[in-house]
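Data file: target22.cif. Format and content: mmCIF, C-alpha atoms.
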```cif
data_entry
#
loop_
_atom_site.label_atom_id
_atom_site.label_comp_id
_atom_site.auth_asym_id
_atom_site.auth_seq_id
_atom_site.Cartn_x
_atom_site.Cartn_y
_atom_site.Cartn_z
CA MET A 1 -6.26 4.08 7.62
CA LYS A 2 -8.22 3.89 4.37
CA LYS A 3 -8.40 6.92 2.11
CA PHE A 4 -11.55 7.64 0.10
CA ALA A 5 -12.01 9.83 -2.96
CA VAL A 6 -15.53 11.30 -3.12
CA ILE A 7 -16.86 12.64 -6.43
CA LEU A 8 -19.38 15.49 -6.21
CA SER A 9 -21.56 16.78 -9.04
CA GLY A 10 -22.59 20.28 -7.92
CA CYS A 11 -24.60 21.54 -4.97
CA GLY A 12 -28.28 20.69 -4.61
CA VAL A 13 -30.45 17.68 -5.36
CA TYR A 14 -32.09 18.94 -8.57
CA ASP A 15 -28.95 20.00 -10.45
CA GLY A 16 -26.00 18.73 -8.41
CA SER A 17 -25.03 16.53 -5.49
CA GLU A 18 -27.69 15.60 -2.95
CA ILE A 19 -26.35 17.55 0.04
CA HIS A 20 -27.57 15.16 2.77
CA GLU A 21 -26.05 12.17 1.01
CA ALA A 22 -22.75 13.97 0.39
CA THR A 23 -22.41 15.34 3.91
CA LEU A 24 -23.49 12.17 5.67
CA SER A 25 -21.07 10.16 3.52
CA MET A 26 -18.21 12.37 4.66
CA LEU A 27 -19.36 11.96 8.26
CA ALA A 28 -19.53 8.17 7.88
CA ILE A 29 -16.05 7.99 6.34
CA THR A 30 -14.55 9.94 9.23
CA LYS A 31 -16.59 8.07 11.87
CA HIS A 32 -15.29 4.73 10.61
CA GLY A 33 -11.68 5.80 10.89
CA ALA A 34 -10.97 6.67 7.27
CA THR A 35 -10.13 9.93 5.49
CA TYR A 36 -11.39 11.51 2.28
CA ASP A 37 -10.56 13.95 -0.48
CA LEU A 38 -13.26 15.60 -2.57
CA PHE A 39 -13.27 15.93 -6.36
CA ALA A 40 -15.60 17.28 -9.04
CA PRO A 41 -15.27 17.77 -12.79
CA ASP A 42 -14.39 21.33 -13.83
CA ILE A 43 -17.31 21.66 -16.27
CA GLU A 44 -20.45 23.73 -16.74
CA GLN A 45 -23.63 22.36 -15.19
CA HIS A 46 -26.27 21.07 -17.60
CA HIS A 47 -28.64 23.69 -16.18
CA VAL A 48 -29.45 25.51 -12.94
CA ILE A 49 -32.63 24.75 -11.00
CA ASN A 50 -34.34 27.04 -8.50
CA HIS A 51 -34.64 24.67 -5.54
CA LEU A 52 -37.53 26.67 -4.10
CA THR A 53 -39.77 26.53 -7.19
CA GLY A 54 -38.25 23.66 -9.19
CA GLU A 55 -38.01 25.91 -12.24
CA GLU A 56 -34.99 26.28 -14.50
CA MET A 57 -33.03 29.51 -14.06
CA GLN A 58 -31.42 31.52 -16.83
CA GLU A 59 -27.86 31.37 -15.60
CA THR A 60 -24.81 29.11 -15.79
CA ARG A 61 -22.81 27.56 -12.98
CA ASN A 62 -19.66 25.45 -12.77
CA VAL A 63 -19.82 21.96 -11.23
CA LEU A 64 -16.48 22.28 -9.44
CA VAL A 65 -17.27 25.75 -8.08
CA GLU A 66 -20.71 24.66 -6.85
CA SER A 67 -19.32 21.47 -5.31
CA ALA A 68 -16.84 23.61 -3.39
CA ARG A 69 -19.81 24.89 -1.35
CA ILE A 70 -20.25 21.41 0.15
CA ALA A 71 -16.49 20.93 0.41
CA ARG A 72 -15.97 24.25 2.27
CA GLY A 73 -13.55 25.09 -0.54
CA LYS A 74 -11.31 22.02 -0.10
CA ILE A 75 -11.84 20.24 -3.41
CA ARG A 76 -9.84 19.42 -6.52
CA PRO A 77 -10.68 19.01 -10.22
CA LEU A 78 -11.51 15.39 -11.02
CA SER A 79 -8.82 15.46 -13.72
CA ASP A 80 -6.30 15.43 -10.81
CA PHE A 81 -7.59 12.09 -9.48
CA HIS A 82 -5.23 9.11 -9.54
CA PRO A 83 -6.49 5.66 -8.44
CA LYS A 84 -3.11 4.70 -6.98
CA GLU A 85 -3.50 7.40 -4.31
CA TYR A 86 -6.79 6.05 -2.90
CA ASP A 87 -8.21 2.91 -1.33
CA ALA A 88 -11.85 3.51 -2.30
CA LEU A 89 -14.09 5.72 -4.45
CA LEU A 90 -17.53 6.96 -3.41
CA LEU A 91 -20.24 8.76 -5.42
CA PRO A 92 -23.17 10.41 -3.59
CA GLY A 93 -26.39 10.83 -5.54
CA GLY A 94 -28.47 13.79 -6.65
CA PHE A 95 -29.58 14.70 -10.17
CA GLY A 96 -26.10 16.05 -10.83
CA ALA A 97 -24.94 12.46 -11.26
CA ALA A 98 -27.53 12.03 -14.01
CA LYS A 99 -27.23 15.52 -15.53
CA ASN A 100 -23.62 16.63 -15.05
CA LEU A 101 -21.55 13.50 -14.51
CA SER A 102 -23.59 11.79 -17.22
CA SER A 103 -26.58 12.37 -19.49
CA PHE A 104 -28.64 9.56 -17.95
CA ALA A 105 -31.48 11.91 -16.94
CA PHE A 106 -32.05 12.73 -20.62
CA ASP A 107 -30.76 9.73 -22.56
CA GLY A 108 -31.33 6.76 -20.23
CA PRO A 109 -29.31 3.69 -21.27
CA ASP A 110 -27.96 5.59 -24.30
CA CYS A 111 -26.31 8.14 -22.03
CA THR A 112 -22.72 9.30 -22.12
CA VAL A 113 -20.52 9.62 -19.04
CA ASN A 114 -18.07 12.45 -18.40
CA GLN A 115 -14.62 11.20 -19.40
CA ASP A 116 -12.95 12.04 -16.08
CA VAL A 117 -15.71 10.16 -14.24
CA ALA A 118 -15.33 7.16 -16.55
CA ASN A 119 -11.55 7.22 -16.08
CA ALA A 120 -11.93 7.28 -12.30
CA LEU A 121 -14.35 4.35 -12.32
CA THR A 122 -12.37 2.18 -14.73
CA GLY A 123 -9.10 3.03 -13.02
CA MET A 124 -10.34 1.96 -9.59
CA HIS A 125 -12.03 -1.13 -11.01
CA LYS A 126 -8.91 -2.27 -12.85
CA ALA A 127 -6.90 -1.73 -9.67
CA GLY A 128 -9.29 -4.00 -7.78
CA LYS A 129 -10.31 -1.21 -5.41
CA PRO A 130 -13.87 -0.77 -4.03
CA ILE A 131 -16.37 1.65 -5.52
CA GLY A 132 -19.45 2.83 -3.63
CA ALA A 133 -22.45 4.64 -5.11
CA LEU A 134 -25.57 6.10 -3.52
CA CYS A 135 -29.05 6.87 -4.87
CA ILE A 136 -29.05 7.35 -8.68
CA SER A 137 -25.25 7.31 -9.10
CA PRO A 138 -25.07 3.49 -9.47
CA VAL A 139 -26.32 3.96 -13.05
CA LEU A 140 -22.86 5.39 -13.83
CA LEU A 141 -21.30 2.12 -12.70
CA ALA A 142 -23.73 0.18 -14.86
CA LYS A 143 -22.86 2.30 -17.90
CA VAL A 144 -19.09 2.29 -17.44
CA LEU A 145 -18.46 -1.13 -15.87
CA GLY A 146 -21.36 -3.09 -17.38
CA ASN A 147 -21.68 -6.54 -15.82
CA VAL A 148 -21.97 -5.61 -12.13
CA THR A 149 -24.65 -6.21 -9.50
CA LEU A 150 -26.13 -3.09 -7.91
CA THR A 151 -29.23 -1.38 -6.54
CA ILE A 152 -31.10 1.86 -7.12
CA GLY A 153 -33.86 0.84 -4.70
CA GLN A 154 -37.19 -0.24 -6.16
CA ASP A 155 -37.86 2.08 -9.12
CA THR A 156 -38.94 -0.19 -11.97
CA ALA A 157 -38.03 2.09 -14.89
CA THR A 158 -34.52 2.82 -13.59
CA ALA A 159 -33.99 -0.86 -12.76
CA GLU A 160 -34.93 -1.75 -16.35
CA ALA A 161 -32.45 0.81 -17.67
CA VAL A 162 -29.75 -0.70 -15.46
CA GLY A 163 -30.55 -4.10 -16.99
CA LYS A 164 -30.23 -2.73 -20.49
CA LEU A 165 -26.73 -1.56 -19.59
CA GLY A 166 -25.76 -5.12 -18.75
CA ALA A 167 -25.89 -4.84 -14.98
CA THR A 168 -27.96 -6.92 -12.56
CA HIS A 169 -30.37 -5.04 -10.29
CA GLN A 170 -31.42 -6.02 -6.78
CA ASN A 171 -34.40 -4.42 -5.04
CA THR A 172 -33.51 -2.94 -1.67
CA SER A 173 -35.08 -0.93 1.12
CA HIS A 174 -33.80 1.78 3.49
CA GLY A 175 -30.22 1.40 4.64
CA GLU A 176 -29.61 -1.81 2.72
CA VAL A 177 -26.37 -2.23 0.79
CA THR A 178 -25.98 -4.42 -2.28
CA VAL A 179 -22.48 -5.87 -2.43
CA ASP A 180 -20.95 -7.24 -5.61
CA LYS A 181 -18.01 -9.07 -4.04
CA THR A 182 -16.41 -10.01 -7.34
CA ASN A 183 -16.26 -6.46 -8.64
CA LYS A 184 -16.03 -4.74 -5.22
CA VAL A 185 -19.07 -2.59 -6.02
CA PHE A 186 -21.21 -1.30 -3.15
CA THR A 187 -24.55 0.49 -3.69
CA THR A 188 -27.42 1.75 -1.53
CA PRO A 189 -30.70 3.46 -2.55
CA CYS A 190 -30.96 6.51 -0.23
CA TYR A 191 -33.33 9.11 -1.77
CA MET A 192 -34.31 6.82 -4.65
CA LEU A 193 -36.76 5.71 -1.97
CA ASP A 194 -39.13 7.99 -0.06
CA ALA A 195 -36.66 8.51 2.79
CA ASN A 196 -35.99 10.76 5.76
CA ILE A 197 -32.59 12.04 6.82
CA VAL A 198 -32.09 9.31 9.45
CA GLN A 199 -32.59 6.66 6.76
CA ILE A 200 -30.10 8.48 4.53
CA ALA A 201 -27.61 8.48 7.40
CA ASP A 202 -28.14 4.73 7.80
CA GLY A 203 -27.46 4.13 4.12
CA ALA A 204 -24.32 6.27 4.07
CA ASP A 205 -23.06 4.68 7.28
CA ASN A 206 -23.72 1.13 6.12
CA ILE A 207 -22.08 1.51 2.72
CA VAL A 208 -18.96 3.12 4.18
CA LYS A 209 -18.78 0.50 6.96
CA ALA A 210 -18.99 -2.27 4.36
CA ILE A 211 -16.18 -0.75 2.29
CA VAL A 212 -13.95 -0.01 5.29
CA GLY A 213 -14.47 -3.59 6.50
CA LEU A 214 -12.90 -5.05 3.35
CA PRO A 215 -9.56 -6.79 3.93
CA GLY A 216 -6.52 -4.95 2.71
#
```
Show this structure as structure tokens.
Amino acid sequence: MKKFAVILSGCGVYDGSEIHEATLSMLAITKHGATYDLFAPDIEQHHVINHLTGEEMQETRNVLVESARIARGKIRPLSDFHPKEYDALLLPGGFGAAKNLSSFAFDGPDCTVNQDVANALTGMHKAGKPIGALCISPVLLAKVLGNVTLTIGQDTATAEAVGKLGATHQNTSHGEVTVDKTNKVFTTPCYMLDANIVQIADGADNIVKAIVGLPG
């Protein structure tokens, strides 16, 4: 039975993890006979967005505490993550990946990546273990790992940024998974496209199925 580590970035598409992508990823992992543990960095969010109005709110929230809402409280600080304990790593999307786990939303290719996130990615990559990323989160793989093949869907500006980071981009549609066999990197576009929840479920299911189907 394969064991996944899933990295969350808060709670809510505009300032944290995309909740559909996170939840449907957990469902897919369980459905395909694997298990998962949830992690998030114990840091302050970049900012807090009112998801009803889209406006910034004058308050502060913690990424780990907010992620615990999705996790029903069962989550650990990302600093506790050890690659040797897991068979695969998965990152759902949401602006939290580009605002909290990194500064990509503000700095593009010149972004920085949270050190615990970078350690998790490089640790799994060096161990030859698969990494999956949904929606916007593949940009973290491009920044940290560099020369990998991935997808963020069909957005031209983001694809160009991925190229500047040394990665190769492939255009994809709903539910499609780009597989970099050499680097064991799996990516799918999800809400980077104009998608409905069934299409998100397809993407989450297909990426998990591809990872679980790996030998070993």
### Task
List the residues sitting within 9 Å of (-18.2, 3.4, 6.0) in the file's frame, using all atoms listed in the file, as a list in words.
Ser25, Leu27, Ala28, Ile29, Thr30, Lys31, His32, Gly33, Ala34, Ala204, Asp205, Asn206, Ile207, Val208, Lys209, Ala210, Ile211, Val212 and Gly213 of chain A
Could you write out as a CSV table (one decimal) with C-alpha atoms, in the coordinates of the input the residues that the PyMOL selection byres ((chain A and resi 59) around 10) matches in the shown file?
```csv
chain,number,residue,atom,x,y,z
A,45,GLN,CA,-23.6,22.4,-15.2
A,47,HIS,CA,-28.6,23.7,-16.2
A,48,VAL,CA,-29.4,25.5,-12.9
A,49,ILE,CA,-32.6,24.8,-11.0
A,56,GLU,CA,-35.0,26.3,-14.5
A,57,MET,CA,-33.0,29.5,-14.1
A,58,GLN,CA,-31.4,31.5,-16.8
A,60,THR,CA,-24.8,29.1,-15.8
A,61,ARG,CA,-22.8,27.6,-13.0
```
### Message
List the spatial neighbours of Ala105 of chain A as a list in words - criterion: any atom at most 10 Å away, only C-alpha atoms, same-chain residues fewer than 4 positions off excluded.
### Response
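These residues fall inside the cut-off: Phe95, Gly96, Ala97, Ala98, Lys99, Asn100, Pro109, Cys111 and Ile136 of chain A.
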### Task
Tell me which residues the PyMOL selection byres ((chain A and resi 162-165) around 8) grabs here, as a PyMOL selection string.
chain A and resi 109+139+142-143+146+158-161+166-169
### Message
Using all atoms listed in the file, can you tell me which of A:His20, A:Lys129, A:Arg76, A:His174 comes closest to Ala88 of chain A?
### Response
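Ranking A:His20, A:Lys129, A:Arg76, A:His174 by distance to Ala88 of chain A, first place goes to A:Lys129.
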Please rebuild segment 160-189 of chain A with N, CA and C atoms and return the result as a PDB file, in the coordinates of the input.
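Resulting contents of part-v7.pdb:
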```pdb
ATOM      1  N   GLU A 160     -34.932  -1.234 -14.985  1.00  0.00           N
ATOM      2  CA  GLU A 160     -34.930  -1.750 -16.350  1.00  0.00           C
ATOM      3  C   GLU A 160     -33.794  -1.142 -17.170  1.00  0.00           C
ATOM      4  N   ALA A 161     -33.552   0.135 -16.974  1.00  0.00           N
ATOM      5  CA  ALA A 161     -32.450   0.810 -17.670  1.00  0.00           C
ATOM      6  C   ALA A 161     -31.115   0.215 -17.260  1.00  0.00           C
ATOM      7  N   VAL A 162     -30.970  -0.069 -15.965  1.00  0.00           N
ATOM      8  CA  VAL A 162     -29.750  -0.700 -15.460  1.00  0.00           C
ATOM      9  C   VAL A 162     -29.543  -2.054 -16.154  1.00  0.00           C
ATOM     10  N   GLY A 163     -30.633  -2.803 -16.312  1.00  0.00           N
ATOM     11  CA  GLY A 163     -30.550  -4.100 -16.990  1.00  0.00           C
ATOM     12  C   GLY A 163     -30.123  -3.973 -18.429  1.00  0.00           C
ATOM     13  N   LYS A 164     -30.603  -2.941 -19.102  1.00  0.00           N
ATOM     14  CA  LYS A 164     -30.230  -2.730 -20.490  1.00  0.00           C
ATOM     15  C   LYS A 164     -28.746  -2.390 -20.642  1.00  0.00           C
ATOM     16  N   LEU A 165     -28.156  -1.886 -19.570  1.00  0.00           N
ATOM     17  CA  LEU A 165     -26.730  -1.560 -19.590  1.00  0.00           C
ATOM     18  C   LEU A 165     -25.865  -2.765 -19.250  1.00  0.00           C
ATOM     19  N   GLY A 166     -26.509  -3.901 -19.007  1.00  0.00           N
ATOM     20  CA  GLY A 166     -25.760  -5.120 -18.750  1.00  0.00           C
ATOM     21  C   GLY A 166     -25.532  -5.448 -17.295  1.00  0.00           C
ATOM     22  N   ALA A 167     -26.052  -4.605 -16.413  1.00  0.00           N
ATOM     23  CA  ALA A 167     -25.890  -4.840 -14.980  1.00  0.00           C
ATOM     24  C   ALA A 167     -27.080  -5.626 -14.429  1.00  0.00           C
ATOM     25  N   THR A 168     -26.906  -6.190 -13.241  1.00  0.00           N
ATOM     26  CA  THR A 168     -27.960  -6.920 -12.560  1.00  0.00           C
ATOM     27  C   THR A 168     -28.476  -6.079 -11.400  1.00  0.00           C
ATOM     28  N   HIS A 169     -29.791  -5.881 -11.349  1.00  0.00           N
ATOM     29  CA  HIS A 169     -30.370  -5.040 -10.290  1.00  0.00           C
ATOM     30  C   HIS A 169     -30.966  -5.883  -9.177  1.00  0.00           C
ATOM     31  N   GLN A 170     -30.780  -5.416  -7.943  1.00  0.00           N
ATOM     32  CA  GLN A 170     -31.420  -6.020  -6.780  1.00  0.00           C
ATOM     33  C   GLN A 170     -32.283  -4.984  -6.081  1.00  0.00           C
ATOM     34  N   ASN A 171     -33.534  -5.320  -5.803  1.00  0.00           N
ATOM     35  CA  ASN A 171     -34.400  -4.420  -5.040  1.00  0.00           C
ATOM     36  C   ASN A 171     -33.926  -4.344  -3.592  1.00  0.00           C
ATOM     37  N   THR A 172     -33.929  -3.142  -3.054  1.00  0.00           N
ATOM     38  CA  THR A 172     -33.510  -2.940  -1.670  1.00  0.00           C
ATOM     39  C   THR A 172     -34.415  -1.922  -0.994  1.00  0.00           C
ATOM     40  N   SER A 173     -34.337  -1.901   0.329  1.00  0.00           N
ATOM     41  CA  SER A 173     -35.080  -0.930   1.120  1.00  0.00           C
ATOM     42  C   SER A 173     -34.086  -0.032   1.869  1.00  0.00           C
ATOM     43  N   HIS A 174     -34.600   0.769   2.789  1.00  0.00           N
ATOM     44  CA  HIS A 174     -33.800   1.780   3.490  1.00  0.00           C
ATOM     45  C   HIS A 174     -32.580   1.180   4.193  1.00  0.00           C
ATOM     46  N   GLY A 175     -31.429   1.780   3.938  1.00  0.00           N
ATOM     47  CA  GLY A 175     -30.220   1.400   4.640  1.00  0.00           C
ATOM     48  C   GLY A 175     -29.549   0.141   4.148  1.00  0.00           C
ATOM     49  N   GLU A 176     -30.184  -0.561   3.205  1.00  0.00           N
ATOM     50  CA  GLU A 176     -29.610  -1.810   2.720  1.00  0.00           C
ATOM     51  C   GLU A 176     -28.510  -1.537   1.690  1.00  0.00           C
ATOM     52  N   VAL A 177     -27.501  -2.372   1.709  1.00  0.00           N
ATOM     53  CA  VAL A 177     -26.370  -2.230   0.790  1.00  0.00           C
ATOM     54  C   VAL A 177     -26.257  -3.492  -0.057  1.00  0.00           C
ATOM     55  N   THR A 178     -26.243  -3.309  -1.367  1.00  0.00           N
ATOM     56  CA  THR A 178     -25.980  -4.420  -2.280  1.00  0.00           C
ATOM     57  C   THR A 178     -24.484  -4.498  -2.521  1.00  0.00           C
ATOM     58  N   VAL A 179     -23.927  -5.682  -2.290  1.00  0.00           N
ATOM     59  CA  VAL A 179     -22.480  -5.870  -2.430  1.00  0.00           C
ATOM     60  C   VAL A 179     -22.196  -6.854  -3.564  1.00  0.00           C
ATOM     61  N   ASP A 180     -21.466  -6.385  -4.552  1.00  0.00           N
ATOM     62  CA  ASP A 180     -20.950  -7.240  -5.610  1.00  0.00           C
ATOM     63  C   ASP A 180     -19.509  -7.571  -5.211  1.00  0.00           C
ATOM     64  N   LYS A 181     -19.319  -8.723  -4.579  1.00  0.00           N
ATOM     65  CA  LYS A 181     -18.010  -9.070  -4.040  1.00  0.00           C
ATOM     66  C   LYS A 181     -16.955  -9.233  -5.124  1.00  0.00           C
ATOM     67  N   THR A 182     -17.365  -9.775  -6.256  1.00  0.00           N
ATOM     68  CA  THR A 182     -16.410 -10.010  -7.340  1.00  0.00           C
ATOM     69  C   THR A 182     -15.829  -8.712  -7.862  1.00  0.00           C
ATOM     70  N   ASN A 183     -16.699  -7.728  -8.062  1.00  0.00           N
ATOM     71  CA  ASN A 183     -16.260  -6.460  -8.640  1.00  0.00           C
ATOM     72  C   ASN A 183     -15.992  -5.371  -7.604  1.00  0.00           C
ATOM     73  N   LYS A 184     -16.212  -5.698  -6.326  1.00  0.00           N
ATOM     74  CA  LYS A 184     -16.030  -4.740  -5.220  1.00  0.00           C
ATOM     75  C   LYS A 184     -16.851  -3.465  -5.466  1.00  0.00           C
ATOM     76  N   VAL A 185     -18.127  -3.695  -5.804  1.00  0.00           N
ATOM     77  CA  VAL A 185     -19.070  -2.590  -6.020  1.00  0.00           C
ATOM     78  C   VAL A 185     -20.106  -2.611  -4.901  1.00  0.00           C
ATOM     79  N   PHE A 186     -20.303  -1.445  -4.278  1.00  0.00           N
ATOM     80  CA  PHE A 186     -21.210  -1.300  -3.150  1.00  0.00           C
ATOM     81  C   PHE A 186     -22.229  -0.197  -3.468  1.00  0.00           C
ATOM     82  N   THR A 187     -23.516  -0.504  -3.349  1.00  0.00           N
ATOM     83  CA  THR A 187     -24.550   0.490  -3.690  1.00  0.00           C
ATOM     84  C   THR A 187     -25.668   0.465  -2.657  1.00  0.00           C
ATOM     85  N   THR A 188     -26.309   1.622  -2.475  1.00  0.00           N
ATOM     86  CA  THR A 188     -27.420   1.750  -1.530  1.00  0.00           C
ATOM     87  C   THR A 188     -28.397   2.796  -2.066  1.00  0.00           C
ATOM     88  N   PRO A 189     -29.714   2.649  -1.826  1.00  0.00           N
ATOM     89  CA  PRO A 189     -30.700   3.460  -2.550  1.00  0.00           C
ATOM     90  C   PRO A 189     -30.900   4.891  -2.071  1.00  0.00           C
TER      91      PRO A 189
END
```
